[in-house]
file structure_31.pdb (PDB, C-alpha atoms)
ATOM      1  CA  MET A   1     -40.631  37.130  26.553
ATOM      2  CA  ASP A   2     -42.301  39.799  28.607
ATOM      3  CA  ILE A   3     -43.578  37.379  31.222
ATOM      4  CA  VAL A   4     -40.102  35.857  31.665
ATOM      5  CA  LEU A   5     -38.662  39.303  32.352
ATOM      6  CA  ARG A   6     -41.477  40.102  34.760
ATOM      7  CA  ALA A   7     -40.981  36.843  36.614
ATOM      8  CA  ALA A   8     -37.222  37.447  36.811
ATOM      9  CA  PHE A   9     -37.766  40.957  38.119
ATOM     10  CA  ALA A  10     -40.306  39.750  40.684
ATOM     11  CA  PHE A  11     -37.883  37.063  41.844
ATOM     12  CA  GLY A  12     -35.072  39.589  42.198
ATOM     13  CA  PHE A  13     -37.240  42.141  43.967
ATOM     14  CA  VAL A  14     -38.684  39.666  46.472
ATOM     15  CA  PHE A  15     -35.179  38.321  47.089
ATOM     16  CA  PHE A  16     -33.965  41.878  47.659
ATOM     17  CA  LEU A  17     -36.845  42.569  50.063
ATOM     18  CA  THR A  18     -36.206  39.442  52.084
ATOM     19  CA  ARG A  19     -32.557  40.443  52.476
ATOM     20  CA  ILE A  20     -33.289  43.949  53.718
ATOM     21  CA  VAL A  21     -36.272  43.402  56.029
ATOM     22  CA  GLY A  22     -34.144  41.466  58.492
ATOM     23  CA  ARG A  23     -33.990  37.883  59.513
ATOM     24  CA  ARG A  24     -36.276  38.013  62.516
ATOM     25  CA  GLU A  25     -39.190  39.241  60.447
ATOM     26  CA  LEU A  26     -38.766  36.299  58.112
ATOM     27  CA  SER A  27     -38.501  33.556  60.684
ATOM     28  CA  SER A  28     -41.632  34.458  62.628
ATOM     29  CA  LEU A  29     -44.944  33.414  61.150
ATOM     30  CA  GLU A  30     -47.579  35.039  63.316
ATOM     31  CA  PRO A  31     -51.163  35.189  61.947
ATOM     32  CA  PHE A  32     -50.499  38.691  60.595
ATOM     33  CA  ASP A  33     -47.302  37.539  58.873
ATOM     34  CA  LEU A  34     -49.186  34.661  57.278
ATOM     35  CA  ILE A  35     -51.830  37.007  55.894
ATOM     36  CA  MET A  36     -49.142  39.390  54.623
ATOM     37  CA  LEU A  37     -47.417  36.459  52.935
ATOM     38  CA  ILE A  38     -50.599  35.612  51.040
ATOM     39  CA  VAL A  39     -51.180  39.260  50.123
ATOM     40  CA  LEU A  40     -47.600  39.582  48.898
ATOM     41  CA  GLY A  41     -47.983  36.449  46.791
ATOM     42  CA  ASP A  42     -51.122  37.850  45.213
ATOM     43  CA  LEU A  43     -49.452  41.183  44.445
ATOM     44  CA  VAL A  44     -46.473  39.466  42.874
ATOM     45  CA  GLN A  45     -48.732  37.275  40.761
ATOM     46  CA  GLN A  46     -50.601  40.287  39.423
ATOM     47  CA  GLY A  47     -47.366  41.996  38.458
ATOM     48  CA  VAL A  48     -45.970  38.897  36.769
ATOM     49  CA  THR A  49     -48.889  37.443  34.823
ATOM     50  CA  GLN A  50     -51.248  40.450  34.787
ATOM     51  CA  SER A  51     -54.208  39.434  32.641
ATOM     52  CA  ASP A  52     -52.568  36.338  31.201
ATOM     53  CA  TYR A  53     -54.656  33.318  32.235
ATOM     54  CA  SER A  54     -52.948  30.828  29.938
ATOM     55  CA  VAL A  55     -51.165  27.627  30.852
ATOM     56  CA  THR A  56     -48.259  28.881  28.725
ATOM     57  CA  GLY A  57     -48.029  31.922  30.986
ATOM     58  CA  LEU A  58     -47.980  29.674  34.036
ATOM     59  CA  VAL A  59     -45.203  27.530  32.550
ATOM     60  CA  LEU A  60     -43.112  30.578  31.624
ATOM     61  CA  ALA A  61     -43.473  32.325  34.983
ATOM     62  CA  ALA A  62     -43.106  29.266  37.198
ATOM     63  CA  GLY A  63     -40.274  27.898  35.049
ATOM     64  CA  THR A  64     -38.363  31.175  35.225
ATOM     65  CA  ILE A  65     -38.711  31.391  38.999
ATOM     66  CA  ALA A  66     -37.663  27.767  39.432
ATOM     67  CA  LEU A  67     -34.583  28.264  37.232
ATOM     68  CA  LEU A  68     -33.570  31.383  39.113
ATOM     69  CA  GLN A  69     -34.007  29.556  42.399
ATOM     70  CA  VAL A  70     -31.680  26.808  41.166
ATOM     71  CA  ALA A  71     -29.200  29.441  39.940
ATOM     72  CA  VAL A  72     -29.149  31.201  43.313
ATOM     73  CA  SER A  73     -28.795  27.878  45.080
ATOM     74  CA  TYR A  74     -25.856  26.931  42.846
ATOM     75  CA  VAL A  75     -24.138  30.259  43.326
ATOM     76  CA  ASN A  76     -24.650  29.901  47.088
ATOM     77  CA  TYR A  77     -23.086  26.469  46.987
ATOM     78  CA  ARG A  78     -20.216  27.369  44.677
ATOM     79  CA  PHE A  79     -19.043  30.759  45.898
ATOM     80  CA  ARG A  80     -18.605  31.364  49.608
ATOM     81  CA  ARG A  81     -18.225  35.132  49.372
ATOM     82  CA  VAL A  82     -21.373  35.451  47.288
ATOM     83  CA  ARG A  83     -23.161  33.234  49.798
ATOM     84  CA  GLN A  84     -22.337  35.750  52.523
ATOM     85  CA  VAL A  85     -24.105  38.414  50.474
ATOM     86  CA  LEU A  86     -27.059  36.330  49.289
ATOM     87  CA  ALA A  87     -27.774  34.374  52.451
ATOM     88  CA  GLY A  88     -26.103  36.467  55.144
ATOM     89  CA  GLU A  89     -24.030  35.185  58.020
ATOM     90  CA  PRO A  90     -24.869  33.893  61.483
ATOM     91  CA  ILE A  91     -24.462  36.213  64.411
ATOM     92  CA  VAL A  92     -23.730  35.204  68.000
ATOM     93  CA  LEU A  93     -26.296  36.548  70.477
ATOM     94  CA  ILE A  94     -25.187  34.826  73.678
ATOM     95  CA  ASP A  95     -21.622  33.985  74.530
ATOM     96  CA  ASP A  96     -21.279  31.761  77.612
ATOM     97  CA  GLY A  97     -24.481  33.068  79.193
ATOM     98  CA  ARG A  98     -23.636  36.699  78.417
ATOM     99  CA  VAL A  99     -26.213  38.380  76.221
ATOM    100  CA  LEU A 100     -24.585  40.541  73.553
ATOM    101  CA  GLU A 101     -26.996  43.469  73.716
ATOM    102  CA  GLN A 102     -25.357  45.286  70.838
ATOM    103  CA  HIS A 103     -26.033  42.331  68.568
ATOM    104  CA  LEU A 104     -29.669  42.174  69.692
ATOM    105  CA  SER A 105     -30.043  45.838  68.876
ATOM    106  CA  ARG A 106     -28.418  45.333  65.490
ATOM    107  CA  GLU A 107     -30.990  42.679  64.627
ATOM    108  CA  ARG A 108     -33.913  44.605  66.206
ATOM    109  CA  LEU A 109     -34.368  41.809  68.758
ATOM    110  CA  THR A 110     -35.498  42.385  72.339
ATOM    111  CA  ARG A 111     -34.288  40.437  75.318
ATOM    112  CA  GLU A 112     -37.876  39.253  75.838
ATOM    113  CA  GLU A 113     -37.972  37.748  72.360
ATOM    114  CA  LEU A 114     -34.683  36.006  73.034
ATOM    115  CA  GLU A 115     -36.039  34.598  76.303
ATOM    116  CA  GLU A 116     -39.174  33.436  74.503
ATOM    117  CA  GLN A 117     -37.092  31.601  71.928
ATOM    118  CA  ALA A 118     -35.033  30.061  74.704
ATOM    119  CA  ARG A 119     -38.183  28.808  76.431
ATOM    120  CA  LEU A 120     -39.295  27.260  73.145
ATOM    121  CA  SER A 121     -35.973  25.399  73.207
ATOM    122  CA  GLN A 122     -36.726  24.092  76.735
ATOM    123  CA  LEU A 123     -34.322  26.536  78.392
ATOM    124  CA  ASP A 124     -35.734  28.400  81.377
ATOM    125  CA  SER A 125     -32.875  30.867  81.758
ATOM    126  CA  LEU A 126     -30.435  32.559  79.444
ATOM    127  CA  ASP A 127     -27.775  31.912  82.079
ATOM    128  CA  LYS A 128     -27.940  28.256  81.076
ATOM    129  CA  VAL A 129     -27.131  29.069  77.468
ATOM    130  CA  ARG A 130     -23.566  28.657  76.325
ATOM    131  CA  TRP A 131     -24.166  29.857  72.812
ATOM    132  CA  ALA A 132     -27.129  31.387  71.053
ATOM    133  CA  VAL A 133     -26.752  32.050  67.374
ATOM    134  CA  LEU A 134     -29.111  33.885  65.055
ATOM    135  CA  GLU A 135     -28.895  31.728  61.970
ATOM    136  CA  THR A 136     -29.201  32.950  58.396
ATOM    137  CA  SER A 137     -32.705  31.448  58.276
ATOM    138  CA  GLY A 138     -33.777  33.822  61.057
ATOM    139  CA  GLN A 139     -34.100  31.056  63.620
ATOM    140  CA  ILE A 140     -32.139  31.145  66.849
ATOM    141  CA  SER A 141     -30.200  28.058  67.842
ATOM    142  CA  PHE A 142     -29.340  27.523  71.490
ATOM    143  CA  ILE A 143     -26.511  25.392  72.823
ATOM    144  CA  PRO A 144     -26.884  24.835  76.573
ATOM    145  CA  LYS A 145     -24.017  24.778  79.019
ATOM    146  CA  GLN A 146     -22.857  21.304  79.948
TER     147      GLN A 146
ATOM    148  CA  MET B   1     -14.934  20.071  73.068
ATOM    149  CA  ALA B   2     -14.255  23.079  70.833
ATOM    150  CA  ASP B   3     -14.840  26.503  72.305
ATOM    151  CA  GLN B   4     -17.417  27.491  69.756
ATOM    152  CA  PRO B   5     -19.920  25.588  67.590
ATOM    153  CA  ASP B   6     -18.679  24.287  64.257
ATOM    154  CA  GLY B   7     -19.049  26.848  61.527
ATOM    155  CA  ILE B   8     -18.917  29.782  63.912
ATOM    156  CA  VAL B   9     -15.875  31.978  63.516
ATOM    157  CA  LEU B  10     -15.691  34.142  66.594
ATOM    158  CA  PRO B  11     -13.956  37.173  65.089
ATOM    159  CA  ARG B  12     -16.508  37.223  62.290
ATOM    160  CA  HIS B  13     -19.715  36.063  63.988
ATOM    161  CA  ARG B  14     -19.239  37.274  67.563
ATOM    162  CA  ASP B  15     -16.854  40.203  67.303
ATOM    163  CA  LEU B  16     -18.349  41.206  63.930
ATOM    164  CA  GLN B  17     -14.980  42.027  62.445
ATOM    165  CA  GLY B  18     -15.494  43.361  58.938
ATOM    166  CA  ARG B  19     -19.277  43.460  59.441
ATOM    167  CA  ALA B  20     -19.766  46.745  61.252
ATOM    168  CA  TRP B  21     -20.928  48.448  58.083
ATOM    169  CA  HIS B  22     -23.478  45.778  57.119
ATOM    170  CA  PRO B  23     -26.461  47.376  58.915
ATOM    171  CA  TRP B  24     -25.798  50.579  56.998
ATOM    172  CA  VAL B  25     -26.087  48.731  53.703
ATOM    173  CA  ARG B  26     -29.442  47.381  54.835
ATOM    174  CA  ARG B  27     -30.586  50.820  55.970
ATOM    175  CA  CYS B  28     -29.546  52.386  52.667
ATOM    176  CA  LEU B  29     -31.399  49.718  50.704
ATOM    177  CA  LEU B  30     -34.451  50.225  52.913
ATOM    178  CA  GLY B  31     -34.063  53.926  52.123
ATOM    179  CA  VAL B  32     -34.370  53.080  48.433
ATOM    180  CA  VAL B  33     -37.686  51.340  49.136
ATOM    181  CA  VAL B  34     -38.848  54.352  51.151
ATOM    182  CA  LEU B  35     -37.798  56.653  48.315
ATOM    183  CA  ILE B  36     -39.843  54.620  45.824
ATOM    184  CA  ALA B  37     -42.887  54.867  48.115
ATOM    185  CA  VAL B  38     -42.413  58.637  48.509
ATOM    186  CA  LEU B  39     -42.079  59.096  44.748
ATOM    187  CA  ALA B  40     -45.288  57.101  44.310
ATOM    188  CA  LEU B  41     -47.049  59.322  46.857
ATOM    189  CA  VAL B  42     -46.105  62.458  44.946
ATOM    190  CA  GLY B  43     -47.472  60.920  41.756
ATOM    191  CA  VAL B  44     -44.318  60.052  39.838
ATOM    192  CA  PHE B  45     -45.670  56.619  38.907
ATOM    193  CA  GLY B  46     -49.140  57.848  37.945
ATOM    194  CA  GLN B  47     -52.025  58.172  37.627
ATOM    195  CA  ARG B  48     -52.867  61.662  38.876
ATOM    196  CA  PRO B  49     -54.360  63.693  35.995
ATOM    197  CA  SER B  50     -52.988  67.034  34.878
ATOM    198  CA  THR B  51     -54.690  69.566  32.630
ATOM    199  CA  THR B  52     -53.182  71.239  29.589
ATOM    200  CA  ARG B  53     -55.028  74.154  28.011
ATOM    201  CA  ALA B  54     -54.590  76.011  24.734
ATOM    202  CA  SER B  55     -56.586  78.899  23.308
ATOM    203  CA  ALA B  56     -57.017  80.322  19.844
ATOM    204  CA  ALA B  57     -59.446  82.855  18.445
ATOM    205  CA  PRO B  58     -62.493  80.610  17.988
ATOM    206  CA  ALA B  59     -62.074  78.093  20.829
ATOM    207  CA  THR B  60     -60.228  76.823  23.878
ATOM    208  CA  LEU B  61     -59.222  73.202  24.251
ATOM    209  CA  SER B  62     -58.385  71.549  27.566
ATOM    210  CA  VAL B  63     -56.978  68.049  27.859
ATOM    211  CA  SER B  64     -57.052  66.405  31.258
ATOM    212  CA  ALA B  65     -55.259  63.064  31.552
ATOM    213  CA  PRO B  66     -52.506  61.394  33.569
ATOM    214  CA  ASP B  67     -48.869  62.078  32.689
ATOM    215  CA  ALA B  68     -47.840  58.665  33.925
ATOM    216  CA  VAL B  69     -49.645  55.345  33.977
ATOM    217  CA  ARG B  70     -48.799  51.717  34.616
ATOM    218  CA  GLY B  71     -49.446  48.488  32.736
ATOM    219  CA  GLY B  72     -53.050  47.331  32.987
ATOM    220  CA  LEU B  73     -54.257  50.589  34.506
ATOM    221  CA  LEU B  74     -57.661  52.063  33.655
ATOM    222  CA  TYR B  75     -57.560  55.805  33.126
ATOM    223  CA  GLN B  76     -59.548  58.627  31.635
ATOM    224  CA  ALA B  77     -58.743  61.431  29.224
ATOM    225  CA  ARG B  78     -61.145  64.373  29.204
ATOM    226  CA  PHE B  79     -61.218  66.792  26.280
ATOM    227  CA  THR B  80     -63.110  70.031  26.839
ATOM    228  CA  ILE B  81     -63.827  72.407  23.982
ATOM    229  CA  ASP B  82     -65.112  75.879  24.864
ATOM    230  CA  ALA B  83     -66.288  77.546  21.681
ATOM    231  CA  ASP B  84     -65.977  81.346  21.657
ATOM    232  CA  GLU B  85     -67.275  81.368  18.106
ATOM    233  CA  ALA B  86     -69.441  78.808  16.349
ATOM    234  CA  LEU B  87     -67.592  75.794  14.935
ATOM    235  CA  SER B  88     -69.396  74.250  12.006
ATOM    236  CA  ASP B  89     -67.700  70.858  12.412
ATOM    237  CA  ALA B  90     -65.632  70.614  15.577
ATOM    238  CA  THR B  91     -63.067  67.880  15.054
ATOM    239  CA  LEU B  92     -60.526  66.367  17.405
ATOM    240  CA  VAL B  93     -57.506  64.685  15.868
ATOM    241  CA  LEU B  94     -55.695  62.339  18.240
ATOM    242  CA  SER B  95     -52.232  61.146  17.247
ATOM    243  CA  SER B  96     -51.714  57.395  17.028
ATOM    244  CA  SER B  97     -49.675  57.491  20.245
ATOM    245  CA  TRP B  98     -52.922  58.059  22.158
ATOM    246  CA  LEU B  99     -54.101  54.639  21.024
ATOM    247  CA  ASP B 100     -51.057  52.552  20.247
ATOM    248  CA  GLY B 101     -50.694  49.872  22.929
ATOM    249  CA  MET B 102     -53.849  51.053  24.687
ATOM    250  CA  THR B 103     -57.340  49.644  24.790
ATOM    251  CA  VAL B 104     -60.089  52.189  24.275
ATOM    252  CA  ASN B 105     -62.955  51.034  26.468
ATOM    253  CA  THR B 106     -65.361  53.763  25.444
ATOM    254  CA  ILE B 107     -65.655  57.224  23.949
ATOM    255  CA  GLU B 108     -68.529  59.261  25.357
ATOM    256  CA  PRO B 109     -70.480  60.946  23.934
ATOM    257  CA  GLY B 110     -70.013  59.009  20.724
ATOM    258  CA  PRO B 111     -68.640  61.242  17.948
ATOM    259  CA  VAL B 112     -70.696  61.936  14.838
ATOM    260  CA  ASN B 113     -68.018  60.285  12.756
ATOM    261  CA  GLU B 114     -64.701  58.521  13.235
ATOM    262  CA  ALA B 115     -61.964  58.269  10.641
ATOM    263  CA  SER B 116     -58.260  57.711  10.208
ATOM    264  CA  ARG B 117     -56.004  60.354   8.730
ATOM    265  CA  ASN B 118     -52.300  59.577   8.340
ATOM    266  CA  GLY B 119     -52.528  57.200  11.274
ATOM    267  CA  SER B 120     -54.313  59.667  13.537
ATOM    268  CA  LEU B 121     -57.801  59.145  14.880
ATOM    269  CA  VAL B 122     -60.206  61.813  13.643
ATOM    270  CA  LEU B 123     -63.300  62.355  15.764
ATOM    271  CA  SER B 124     -65.957  64.598  14.246
ATOM    272  CA  LEU B 125     -68.054  66.114  16.987
ATOM    273  CA  GLY B 126     -70.489  68.113  14.876
ATOM    274  CA  HIS B 127     -71.685  71.693  15.121
ATOM    275  CA  LEU B 128     -70.742  73.704  18.200
ATOM    276  CA  PRO B 129     -72.576  77.015  18.639
ATOM    277  CA  ALA B 130     -70.760  80.046  20.060
ATOM    278  CA  GLY B 131     -70.531  79.881  23.850
ATOM    279  CA  ALA B 132     -71.083  76.127  23.922
ATOM    280  CA  SER B 133     -68.909  73.775  25.870
ATOM    281  CA  TYR B 134     -68.323  70.216  24.709
ATOM    282  CA  VAL B 135     -66.778  67.550  26.946
ATOM    283  CA  LEU B 136     -65.539  64.302  25.464
ATOM    284  CA  PHE B 137     -64.515  61.412  27.717
ATOM    285  CA  VAL B 138     -62.257  58.644  26.502
ATOM    286  CA  GLN B 139     -61.708  55.680  28.815
ATOM    287  CA  PHE B 140     -58.438  53.840  28.265
ATOM    288  CA  GLN B 141     -56.711  50.809  29.623
ATOM    289  CA  VAL B 142     -52.974  50.312  29.238
ATOM    290  CA  ASN B 143     -52.054  47.060  27.569
ATOM    291  CA  PRO B 144     -49.783  45.083  29.935
ATOM    292  CA  THR B 145     -46.901  44.930  27.455
ATOM    293  CA  THR B 146     -46.853  48.671  26.749
ATOM    294  CA  VAL B 147     -43.952  50.611  28.271
ATOM    295  CA  GLY B 148     -41.972  53.773  27.587
ATOM    296  CA  ARG B 149     -42.470  57.454  27.003
ATOM    297  CA  ARG B 150     -44.572  58.861  24.220
ATOM    298  CA  THR B 151     -45.717  62.191  22.877
ATOM    299  CA  LEU B 152     -49.466  62.734  22.587
ATOM    300  CA  ARG B 153     -50.707  65.284  20.103
ATOM    301  CA  THR B 154     -54.263  66.567  20.165
ATOM    302  CA  GLU B 155     -55.412  68.902  17.445
ATOM    303  CA  LEU B 156     -58.665  70.801  17.362
ATOM    304  CA  GLN B 157     -59.964  71.556  13.917
ATOM    305  CA  ASP B 158     -63.016  73.114  12.396
ATOM    306  CA  GLY B 159     -63.621  70.696   9.543
ATOM    307  CA  ASP B 160     -60.164  70.448   7.964
ATOM    308  CA  GLN B 161     -59.072  73.845   9.257
ATOM    309  CA  PRO B 162     -56.566  73.501  12.151
ATOM    310  CA  ILE B 163     -57.309  75.736  15.136
ATOM    311  CA  LEU B 164     -54.857  74.672  17.805
ATOM    312  CA  THR B 165     -52.680  71.799  18.956
ATOM    313  CA  ILE B 166     -51.839  70.494  22.411
ATOM    314  CA  THR B 167     -48.766  68.340  22.896
ATOM    315  CA  ARG B 168     -48.403  66.262  26.026
ATOM    316  CA  HIS B 169     -46.176  63.447  27.181
ATOM    317  CA  LEU B 170     -47.179  60.161  28.723
ATOM    318  CA  ARG B 171     -44.861  57.808  30.556
ATOM    319  CA  VAL B 172     -45.973  54.196  30.806
ATOM    320  CA  PHE B 173     -44.367  52.204  33.614
ATOM    321  CA  PRO B 174     -44.289  48.388  33.352
TER     322      PRO B 174
END

call {"tool": "encode", "arguments": {"input": "structure_31.pdb", "output": "structure tokens"}}
result
Amino acid sequence: MDIVLRAAFAFGFVFFLTRIVGRRELSSLEPFDLIMLIVLGDLVQQGVTQSDYSVTGLVLAAGTIALLQVAVSYVNYRFRRVRQVLAGEPIVLIDDGRVLEQHLSRERLTREELEEQARLSQLDSLDKVRWAVLETSGQISFIPKQ
Amino acid sequence: MADQPDGIVLPRHRDLQGRAWHPWVRRCLLGVVVLIAVLALVGVFGQRPSTTRASAAPATLSVSAPDAVRGGLLYQARFTIDADEALSDATLVLSSSWLDGMTVNTIEPGPVNEASRNGSLVLSLGHLPAGASYVLFVQFQVNPTTVGRRTLRTELQDGDQPILTITRHLRVFP
């Protein structure tokens, strides 16, 4: 039973962390972020299974996490208001070529980062962007002007 | 063509109506994480040792051990007996809470005799001459499933004659 509770707590805590660190941090996967991801996974594993090396322990922990993932996914699908809390909401960053600086600041985004993302979307100037939206996944979608 | 992309509600997603307070929720929750880290730095979650000392006519006993530990953690308890008068059979009696849910990796130096008395662990350390100091190290590891708060009693005896008792508390975090 203990390992199920640990796995549930770890799931909840990691979910909580991902919601509060901000979307931009989650969407970027620089070499440092990749290493931190591995380190975080190792830390979580230690807290969940500790010195349990059994296959039963693996089944309990992985099964619990999978079930919770399905539960969160279902709640996201079923309840719109809960989805806003669990997944967040998109935020418009550029409206008809006008960069909404206040929104960048709110998401700890610099104009340079926005320009970089635009270049990655084959856009050489923010003036050519009709809409830019920071999605709940942390990625920025660009819709060019016609 | 619609003014905005499908799924984007301008009052909500551009003008942030009803969302102005959202960053503050995030900051407060981040504050909770910071608070946890600060509490850890000041030793709330273990395993910084503290020393408790008690004196009676023939001897002084000091117990140095953490007040808080976490599951799986290795830690040490140090028992120091300073004999003002000779003790013919210095004996430490550790309540069962010292051992319940813990793994004892080693006790050094090994006691002359070990026994159980009403669930407590009785460690006979032998003769201690006046002025002698005896240090006993016990190395523990917390079993991963052990949690909660417990009271640890340590009694120093000369044979069966109680001399003094030290009571401490240990909090085990999961």

call {"tool": "resolve_selection", "arguments": {"input": "structure_31.pdb", "expression": "the ChimeraX specification (/B :<8) & /A", "output": "VMD selection string"}}
result
chain A and resid 2 19 to 21 50 to 51 89 to 93 106 131

call {"tool": "resolve_selection", "arguments": {"input": "structure_31.pdb", "expression": "the PyMOL selection byres ((chain B and resi 91-98) around 8)", "output": "list in words"}}
result
Asp89, Ala90, Leu99, Asp100, Met102, Gly119, Ser120, Leu121, Val122, Leu123, Ser124, Leu125, Gly126, Arg150, Thr151, Leu152, Arg153, Thr154, Glu155, Leu156, Gln157, Asp158 and Gly159 of chain B

call {"tool": "axis_aligned_box", "arguments": {"input": "structure_31.pdb", "around": "segment 136-153 of chain B", "padding_each_side": "5 Å", "output": "JSON"}}
result
{"center_x": -53.8, "center_y": 55.1, "center_z": 25.0, "size_x": 33.6, "size_y": 30.4, "size_z": 19.8}

call {"tool": "atom_distance", "arguments": {"input": "structure_31.pdb", "atom1": "atom CA of Leu17 of chain A", "atom2": "atom CA of Ile36 of chain B"}}
result
13.1 Å

call {"tool": "closest_residue", "arguments": {"input": "structure_31.pdb", "among": "B:Pro66, B:Gly148, B:Gly18, B:Pro129", "to": "Ser50 of chain B", "atoms": "only C-alpha atoms"}}
result
B:Pro66

call {"tool": "resolve_selection", "arguments": {"input": "structure_31.pdb", "expression": "the PyMOL selection byres ((chain A and resi 123) around 12)", "output": "PDB file with C-alpha atoms, in the coordinates of the input"}}
result
ATOM      1  CA  GLY A  97     -24.481  33.068  79.193  1.00  0.00           C
ATOM      2  CA  LEU A 114     -34.683  36.006  73.034  1.00  0.00           C
ATOM      3  CA  GLU A 115     -36.039  34.598  76.303  1.00  0.00           C
ATOM      4  CA  GLU A 116     -39.174  33.436  74.503  1.00  0.00           C
ATOM      5  CA  GLN A 117     -37.092  31.601  71.928  1.00  0.00           C
ATOM      6  CA  ALA A 118     -35.033  30.061  74.704  1.00  0.00           C
ATOM      7  CA  ARG A 119     -38.183  28.808  76.431  1.00  0.00           C
ATOM      8  CA  LEU A 120     -39.295  27.260  73.145  1.00  0.00           C
ATOM      9  CA  SER A 121     -35.973  25.399  73.207  1.00  0.00           C
ATOM     10  CA  GLN A 122     -36.726  24.092  76.735  1.00  0.00           C
ATOM     11  CA  ASP A 124     -35.734  28.400  81.377  1.00  0.00           C
ATOM     12  CA  SER A 125     -32.875  30.867  81.758  1.00  0.00           C
ATOM     13  CA  LEU A 126     -30.435  32.559  79.444  1.00  0.00           C
ATOM     14  CA  ASP A 127     -27.775  31.912  82.079  1.00  0.00           C
ATOM     15  CA  LYS A 128     -27.940  28.256  81.076  1.00  0.00           C
ATOM     16  CA  VAL A 129     -27.131  29.069  77.468  1.00  0.00           C
ATOM     17  CA  ARG A 130     -23.566  28.657  76.325  1.00  0.00           C
ATOM     18  CA  ALA A 132     -27.129  31.387  71.053  1.00  0.00           C
ATOM     19  CA  SER A 141     -30.200  28.058  67.842  1.00  0.00           C
ATOM     20  CA  PHE A 142     -29.340  27.523  71.490  1.00  0.00           C
ATOM     21  CA  ILE A 143     -26.511  25.392  72.823  1.00  0.00           C
ATOM     22  CA  PRO A 144     -26.884  24.835  76.573  1.00  0.00           C
ATOM     23  CA  LYS A 145     -24.017  24.778  79.019  1.00  0.00           C
TER      24      LYS A 145
END

call {"tool": "closest_residue", "arguments": {"input": "structure_31.pdb", "among": "B:Leu73, B:Ala130, B:Leu61, B:Ala86", "to": "Thr146 of chain B", "atoms": "all atoms listed in the file"}}
result
B:Leu73

call {"tool": "residues_near_point", "arguments": {"input": "structure_31.pdb", "point": "(-50.5, 60.4, 38.7)", "cutoff": "10 Å", "atoms": "only C-alpha atoms", "output": "list in words"}}
result
Ala40, Leu41, Val42, Gly43, Val44, Phe45, Gly46, Gln47, Arg48, Pro49, Ser50, Ala65, Pro66, Asp67, Ala68, Val69 and Arg70 of chain B

call {"tool": "closest_residue", "arguments": {"input": "structure_31.pdb", "among": "B:Arg149, B:His169, B:Arg53, B:Arg78", "to": "Glu108 of chain B", "atoms": "only C-alpha atoms"}}
result
B:Arg78

call {"tool": "atom_distance", "arguments": {"input": "structure_31.pdb", "atom1": "atom CA of Phe137 of chain B", "atom2": "atom CA of Gly110 of chain B"}}
result
9.2 Å

call {"tool": "residues_around", "arguments": {"input": "structure_31.pdb", "residues": "segment 65-70 of chain A", "least_positions_apart": "5", "cutoff": "9 Å", "atoms": "all atoms listed in the file", "output": "list in words"}}
result
Val4, Ala7, Ala8, Ala10, Phe11, Gly12, Leu60 and Val75 of chain A

call {"tool": "decode", "arguments": {"input": "structure_31.pdb", "residues": "segment 85-96 of chain B", "atoms": "N, CA and C atoms", "output": "compact mmCIF listing (two decimals), in the first residue's frame"}}
result
# COMPACT_ATOMS: atom_id res chain seq x y z
N GLU B 85 31.71 8.79 39.68
CA GLU B 85 32.06 7.73 40.63
C GLU B 85 32.11 6.42 39.84
N ALA B 86 32.74 5.44 40.38
CA ALA B 86 32.85 4.15 39.68
C ALA B 86 31.48 3.50 39.55
N LEU B 87 31.22 2.95 38.36
CA LEU B 87 29.98 2.20 38.12
C LEU B 87 30.39 0.74 37.92
N SER B 88 29.86 -0.12 38.77
CA SER B 88 30.30 -1.52 38.68
C SER B 88 29.80 -2.19 37.42
N ASP B 89 28.60 -1.83 36.96
CA ASP B 89 28.08 -2.42 35.72
C ASP B 89 27.22 -1.38 35.01
N ALA B 90 27.91 -0.48 34.30
CA ALA B 90 27.17 0.57 33.58
C ALA B 90 26.26 -0.07 32.55
N THR B 91 25.00 0.33 32.59
CA THR B 91 24.01 -0.29 31.70
C THR B 91 23.15 0.79 31.05
N LEU B 92 23.00 0.69 29.76
CA LEU B 92 22.10 1.60 29.04
C LEU B 92 20.85 0.83 28.66
N VAL B 93 19.70 1.41 28.96
CA VAL B 93 18.44 0.77 28.59
C VAL B 93 17.75 1.68 27.56
N LEU B 94 17.64 1.15 26.36
CA LEU B 94 17.01 1.92 25.27
C LEU B 94 15.58 1.42 25.07
N SER B 95 14.63 2.34 25.08
CA SER B 95 13.23 1.94 24.88
C SER B 95 13.06 1.37 23.48
N SER B 96 12.00 0.59 23.31
CA SER B 96 11.80 -0.10 22.02
C SER B 96 11.64 0.89 20.87
